[in-house]
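K.L.:
To be precise about what I am sending: the file is called query_39.txt and holds compact mmCIF, C-alpha atoms.
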# COMPACT_ATOMS: atom_id res chain seq x y z
CA MET J 1 0.00 0.00 0.00
CA ASN J 2 1.56 3.28 -1.10
CA ASP J 3 1.92 6.31 1.13
CA LYS J 4 -0.82 8.83 0.37
CA THR J 5 -1.00 12.58 0.20
CA ASP J 6 -3.45 14.67 2.18
CA GLN J 7 -5.49 15.33 -0.96
CA SER J 8 -6.45 11.65 -1.26
CA TYR J 9 -8.36 11.94 2.02
CA ASP J 10 -10.76 14.65 0.90
CA ASP J 11 -13.74 12.29 0.44
CA VAL J 12 -13.22 10.33 3.67
CA PRO J 13 -15.11 11.36 6.84
CA GLN J 14 -12.50 12.31 9.39
CA ALA J 15 -12.93 10.81 12.84
CA ALA J 16 -13.14 13.22 15.73
CA ASP J 17 -10.45 12.89 18.37
CA PHE J 18 -11.72 9.52 19.56
CA ALA J 19 -9.07 9.48 22.28
CA GLN J 20 -11.53 11.68 24.19
CA THR J 21 -14.06 8.82 24.32
CA GLU J 22 -14.29 6.87 27.57
CA ASP J 23 -16.56 4.00 26.44
CA PRO J 24 -15.28 2.02 23.43
CA LEU J 25 -18.62 0.30 22.90
CA VAL J 26 -20.33 3.66 22.39
CA LEU J 27 -17.56 4.67 20.00
CA PHE J 28 -18.01 1.40 18.11
CA GLU J 29 -21.73 2.12 17.69
CA ASP J 30 -20.88 5.50 16.15
CA TRP J 31 -18.36 3.99 13.73
CA MET J 32 -20.72 1.15 12.78
CA ALA J 33 -23.53 3.61 12.09
CA LEU J 34 -21.29 5.49 9.66
CA ALA J 35 -20.10 2.24 8.09
CA ARG J 36 -23.71 1.26 7.38
CA GLN J 37 -24.04 4.48 5.40
CA ARG J 38 -20.74 4.35 3.53
CA GLU J 39 -19.63 0.72 3.20
CA PRO J 40 -21.21 -0.78 0.05
CA ASN J 41 -21.24 -4.44 1.12
CA ASP J 42 -21.73 -6.09 4.50
CA PRO J 43 -20.59 -3.33 6.89
CA ASN J 44 -21.18 -5.87 9.68
CA ALA J 45 -18.64 -8.33 8.25
CA MET J 46 -15.85 -9.18 10.67
CA ALA J 47 -12.87 -11.50 10.73
CA LEU J 48 -13.14 -14.01 13.57
CA ALA J 49 -9.97 -15.63 14.90
CA THR J 50 -9.89 -18.75 17.06
CA VAL J 51 -7.21 -21.36 17.78
CA ASP J 52 -7.30 -25.13 17.39
CA ALA J 53 -6.10 -27.79 19.83
CA ASP J 54 -2.51 -27.28 18.67
CA GLY J 55 -2.67 -23.52 19.16
CA LEU J 56 -2.73 -22.91 15.41
CA PRO J 57 -4.90 -19.87 14.57
CA ASN J 58 -7.95 -20.09 12.36
CA LEU J 59 -9.50 -17.05 10.68
CA ARG J 60 -12.74 -16.58 8.75
CA MET J 61 -15.31 -13.91 7.97
CA VAL J 62 -18.63 -13.94 9.84
CA LEU J 63 -21.43 -11.41 10.24
CA LEU J 64 -22.02 -9.40 13.37
CA LYS J 65 -25.69 -9.64 14.33
CA GLU J 66 -25.74 -7.57 17.50
CA ALA J 67 -23.42 -5.24 19.37
CA ASN J 68 -24.32 -3.74 22.73
CA ALA J 69 -22.91 -3.16 26.20
CA GLN J 70 -22.63 -6.93 26.73
CA GLY J 71 -20.58 -7.63 23.63
CA PHE J 72 -20.56 -8.75 19.99
CA VAL J 73 -22.88 -11.54 18.81
CA PHE J 74 -22.69 -13.86 15.81
CA PHE J 75 -24.39 -17.19 15.06
CA SER J 76 -23.05 -20.49 13.79
CA ASN J 77 -23.20 -24.27 13.76
CA GLN J 78 -21.64 -25.32 17.07
CA GLU J 79 -20.28 -28.48 15.45
CA SER J 80 -18.26 -26.45 12.92
CA ALA J 81 -14.52 -25.86 13.23
CA LYS J 82 -15.09 -22.53 14.95
CA GLY J 83 -17.65 -24.08 17.28
CA SER J 84 -15.30 -26.90 18.29
CA GLU J 85 -12.43 -24.48 18.81
CA LEU J 86 -14.53 -22.11 20.92
CA ALA J 87 -15.79 -25.01 23.03
CA ALA J 88 -12.19 -26.00 23.84
CA ASN J 89 -10.83 -22.46 24.19
CA PRO J 90 -13.61 -19.86 24.65
CA LYS J 91 -11.55 -16.85 23.59
CA ALA J 92 -11.55 -15.04 20.27
CA ALA J 93 -10.44 -11.97 18.36
CA LEU J 94 -12.42 -9.89 15.87
CA CYS J 95 -11.38 -7.38 13.24
CA PHE J 96 -13.66 -4.94 11.41
CA HIS J 97 -12.15 -3.18 8.41
CA TRP J 98 -14.14 -0.52 6.59
CA LYS J 99 -12.11 0.32 3.50
CA SER J 100 -14.41 3.15 2.42
CA LEU J 101 -13.84 4.87 5.79
CA ARG J 102 -10.19 3.87 6.21
CA ARG J 103 -11.01 2.68 9.70
CA GLN J 104 -10.44 -0.55 11.59
CA VAL J 105 -11.55 -1.93 14.95
CA ARG J 106 -9.89 -4.90 16.64
CA VAL J 107 -11.53 -6.75 19.54
CA ARG J 108 -10.26 -9.48 21.86
CA GLY J 109 -12.06 -11.21 24.69
CA ALA J 110 -13.76 -14.20 26.24
CA VAL J 111 -16.64 -15.98 24.51
CA GLU J 112 -19.94 -17.29 25.84
CA THR J 113 -22.94 -18.97 24.22
CA VAL J 114 -26.09 -16.86 24.03
CA GLU J 115 -29.25 -17.89 25.86
CA THR J 116 -31.60 -20.36 24.16
CA GLU J 117 -34.33 -17.75 23.81
CA GLU J 118 -31.99 -15.34 22.04
CA ALA J 119 -30.87 -18.01 19.59
CA ASP J 120 -34.47 -19.04 18.91
CA THR J 121 -35.56 -15.46 18.33
CA TYR J 122 -32.82 -14.74 15.84
CA PHE J 123 -33.19 -18.07 14.02
CA ALA J 124 -36.88 -17.33 13.44
CA THR J 125 -35.94 -14.12 11.58
CA ARG J 126 -33.75 -15.90 9.02
CA PRO J 127 -35.08 -16.61 5.50
CA LYS J 128 -36.62 -20.05 5.10
CA GLY J 129 -33.79 -21.19 2.84
CA SER J 130 -31.20 -20.23 5.44
CA ARG J 131 -33.07 -22.10 8.16
CA ILE J 132 -33.25 -25.22 5.99
CA GLY J 133 -29.57 -24.79 5.17
CA ALA J 134 -28.73 -24.84 8.88
CA TRP J 135 -30.28 -28.32 9.06
CA ALA J 136 -28.77 -29.56 5.80
CA SER J 137 -25.17 -28.43 6.26
CA LYS J 138 -22.70 -30.40 8.36
CA GLN J 139 -20.56 -27.30 8.51
CA SER J 140 -16.78 -27.68 8.15
CA ARG J 141 -16.95 -31.44 7.59
CA ALA J 142 -16.05 -33.26 4.37
CA LEU J 143 -18.70 -33.15 1.62
CA GLU J 144 -18.58 -35.96 -0.93
CA SER J 145 -20.31 -33.93 -3.67
CA ARG J 146 -22.46 -30.89 -4.31
CA MET J 147 -25.28 -33.29 -5.08
CA ALA J 148 -25.13 -34.65 -1.54
CA LEU J 149 -25.72 -31.17 -0.16
CA GLU J 150 -28.59 -30.53 -2.55
CA LYS J 151 -30.18 -33.84 -1.53
CA ALA J 152 -29.93 -32.84 2.12
CA VAL J 153 -31.59 -29.51 1.35
CA ALA J 154 -34.39 -31.31 -0.51
CA LYS J 155 -34.81 -33.72 2.40
CA TYR J 156 -35.33 -30.98 4.97
CA THR J 157 -37.43 -28.89 2.62
CA LEU J 158 -39.81 -31.84 2.33
CA LYS J 159 -39.63 -32.59 6.06
CA PHE J 160 -40.62 -29.11 7.17
CA GLY J 161 -42.93 -28.33 4.26
CA ILE J 162 -44.78 -25.07 4.83
CA GLY J 163 -44.73 -25.36 8.62
CA ASP J 164 -42.42 -23.84 11.17
CA ILE J 165 -38.72 -24.67 10.95
CA PRO J 166 -37.26 -25.07 14.45
CA ARG J 167 -33.71 -24.14 15.33
CA PRO J 168 -31.33 -27.14 15.15
CA PRO J 169 -30.05 -28.08 18.62
CA TYR J 170 -26.46 -27.66 17.40
CA TRP J 171 -26.99 -24.14 16.01
CA SER J 172 -26.66 -21.14 18.31
CA GLY J 173 -25.01 -17.81 18.91
CA TYR J 174 -21.79 -16.65 20.52
CA ARG J 175 -21.09 -13.44 22.37
CA ILE J 176 -17.57 -12.03 22.53
CA LEU J 177 -17.13 -10.19 25.84
CA PRO J 178 -14.54 -7.55 24.94
CA LEU J 179 -11.51 -7.09 27.16
CA GLU J 180 -9.52 -5.11 24.60
CA MET J 181 -10.67 -2.86 21.76
CA GLU J 182 -8.37 -0.95 19.44
CA PHE J 183 -9.58 1.78 17.08
CA TRP J 184 -7.45 2.63 14.07
CA HIS J 185 -7.95 5.53 11.66
CA ASP J 186 -5.83 5.80 8.54
CA ARG J 187 -3.85 9.03 8.21
CA PRO J 188 -1.53 10.38 5.50
CA PHE J 189 2.05 9.11 5.34
CA ARG J 190 1.20 6.20 7.67
CA LEU J 191 0.92 8.49 10.71
CA HIS J 192 -2.26 6.72 11.74
CA ASP J 193 -4.37 7.34 14.83
CA ARG J 194 -4.56 4.36 17.20
CA VAL J 195 -6.32 4.21 20.55
CA VAL J 196 -6.62 1.06 22.65
CA PHE J 197 -9.05 0.38 25.50
CA LYS J 198 -8.39 -2.43 27.99
CA ARG J 199 -9.96 -4.01 31.07
CA THR J 200 -9.25 -7.24 32.95
CA ARG J 201 -12.85 -8.49 33.06
CA ALA J 202 -16.30 -7.57 31.75
CA GLY J 203 -18.03 -4.88 33.76
CA GLU J 204 -14.86 -3.15 34.88
CA THR J 205 -13.82 0.38 33.96
CA TRP J 206 -11.81 0.72 30.76
CA SER J 207 -8.28 2.09 30.68
CA LYS J 208 -7.20 3.93 27.54
CA ALA J 209 -3.96 4.72 25.73
CA ARG J 210 -2.77 6.14 22.45
CA LEU J 211 -0.40 3.96 20.43
CA TYR J 212 2.30 4.87 18.00
CA PRO J 213 1.22 4.06 14.41
Could you spell out this file's structure in structure tokens?
P.N.:
Amino acid sequence: MNDKTDQSYDDVPQAADFAQTEDPLVLFEDWMALARQREPNDPNAMALATVDADGLPNLRMVLLKEANAQGFVFFSNQESAKGSELAANPKAALCFHWKSLRRQVRVRGAVETVETEEADTYFATRPKGSRIGAWASKQSRALESRMALEKAVAKYTLKFGIGDIPRPPYWSGYRILPLEMEFWHDRPFRLHDRVVFKRTRAGETWSKARLYP
């Protein structure tokens, strides 16, 4: 990535001095609101990092479905690679990158499973095809052919017909409880703004520091 001149930043909303903010979750809400206006595709997309039994990192894109004072929520098959890794080591890292805004947010923290009612409520809002797909897909496991997947979809489409499609018992949501959040704003000549917030456990007061770019 080449160094840029000031002129190349004319069409990018400049972040206020976010080092003045005391609550990173409120700041995140502000940045996400702007991303929803400016980012053309999936502003709620985030990279999710976990580690396997050997400590080898795994990274994939998932969609943020809720962010509030408790944390960041996404949903998945609990028998997938990410589900197995989070069951063994319930810690994760997230990264949001909004290219159109030249901003990034990194999050690290502990992970918990959402309550049954919350998972049920969200599952019921998904399109019918996505709910059937949750039943048909053995996520992350070997698939012998595309035809096998299509047969599984047809099987569950027939099984549920036009009635209600319940949430699979192995499909739920995860909440990342942030212990560290870093906000990064691109600046000319790589003199970026970086501010990190930290706490030792959820519910505690955040500490804050600027970082060199």
K.L.:
How far is it from CA of Glu182 (chain J) to CA of Arg106 (chain J), in Å with one decimal?
P.N.:
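Going from CA of Glu182 (chain J) over to CA of Arg106 (chain J) covers 5.1 Å.
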K.L.:
Please compute the CA of Thr157 (chain J)-CA of Pro127 (chain J) distance, one decimal, in Å.
P.N.:
12.8 Å
K.L.:
Under the rule that all atoms listed in the file are counted, which of J:Val26, J:Leu59, J:Ala47, J:Val73 is the nearest residue to Tyr122 (chain J)?
P.N.:
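Ranked by minimum distance to Tyr122 (chain J), first place goes to J:Val73.
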K.L.:
Quick one: residues within 12 Å of Thr21 (chain J), all atoms listed in the file counted, chain neighbours fewer than 3 positions away excluded, as a short mmCIF file (atom, residue, chain, number, x, y, z; two decimals) with C-alpha atoms, keeping the file's coordinate frame?
P.N.:
data_model
loop_
_atom_site.label_atom_id
_atom_site.label_comp_id
_atom_site.auth_asym_id
_atom_site.auth_seq_id
_atom_site.Cartn_x
_atom_site.Cartn_y
_atom_site.Cartn_z
CA ALA J 15 -12.93 10.81 12.84
CA ALA J 16 -13.14 13.22 15.73
CA ASP J 17 -10.45 12.89 18.37
CA PHE J 18 -11.72 9.52 19.56
CA PRO J 24 -15.28 2.02 23.43
CA LEU J 25 -18.62 0.30 22.90
CA VAL J 26 -20.33 3.66 22.39
CA LEU J 27 -17.56 4.67 20.00
CA PHE J 28 -18.01 1.40 18.11
CA ASP J 30 -20.88 5.50 16.15
CA PHE J 183 -9.58 1.78 17.08
CA VAL J 195 -6.32 4.21 20.55
CA VAL J 196 -6.62 1.06 22.65
CA PHE J 197 -9.05 0.38 25.50
CA TRP J 206 -11.81 0.72 30.76
CA SER J 207 -8.28 2.09 30.68
CA LYS J 208 -7.20 3.93 27.54
CA ALA J 209 -3.96 4.72 25.73
CA ARG J 210 -2.77 6.14 22.45
#
K.L.:
Record the distance separating CA of Ala69 (chain J) and CA of Gln104 (chain J), expressed in Å with one decimal.
P.N.:
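Distance reported for this atom pair: 19.4 Å.
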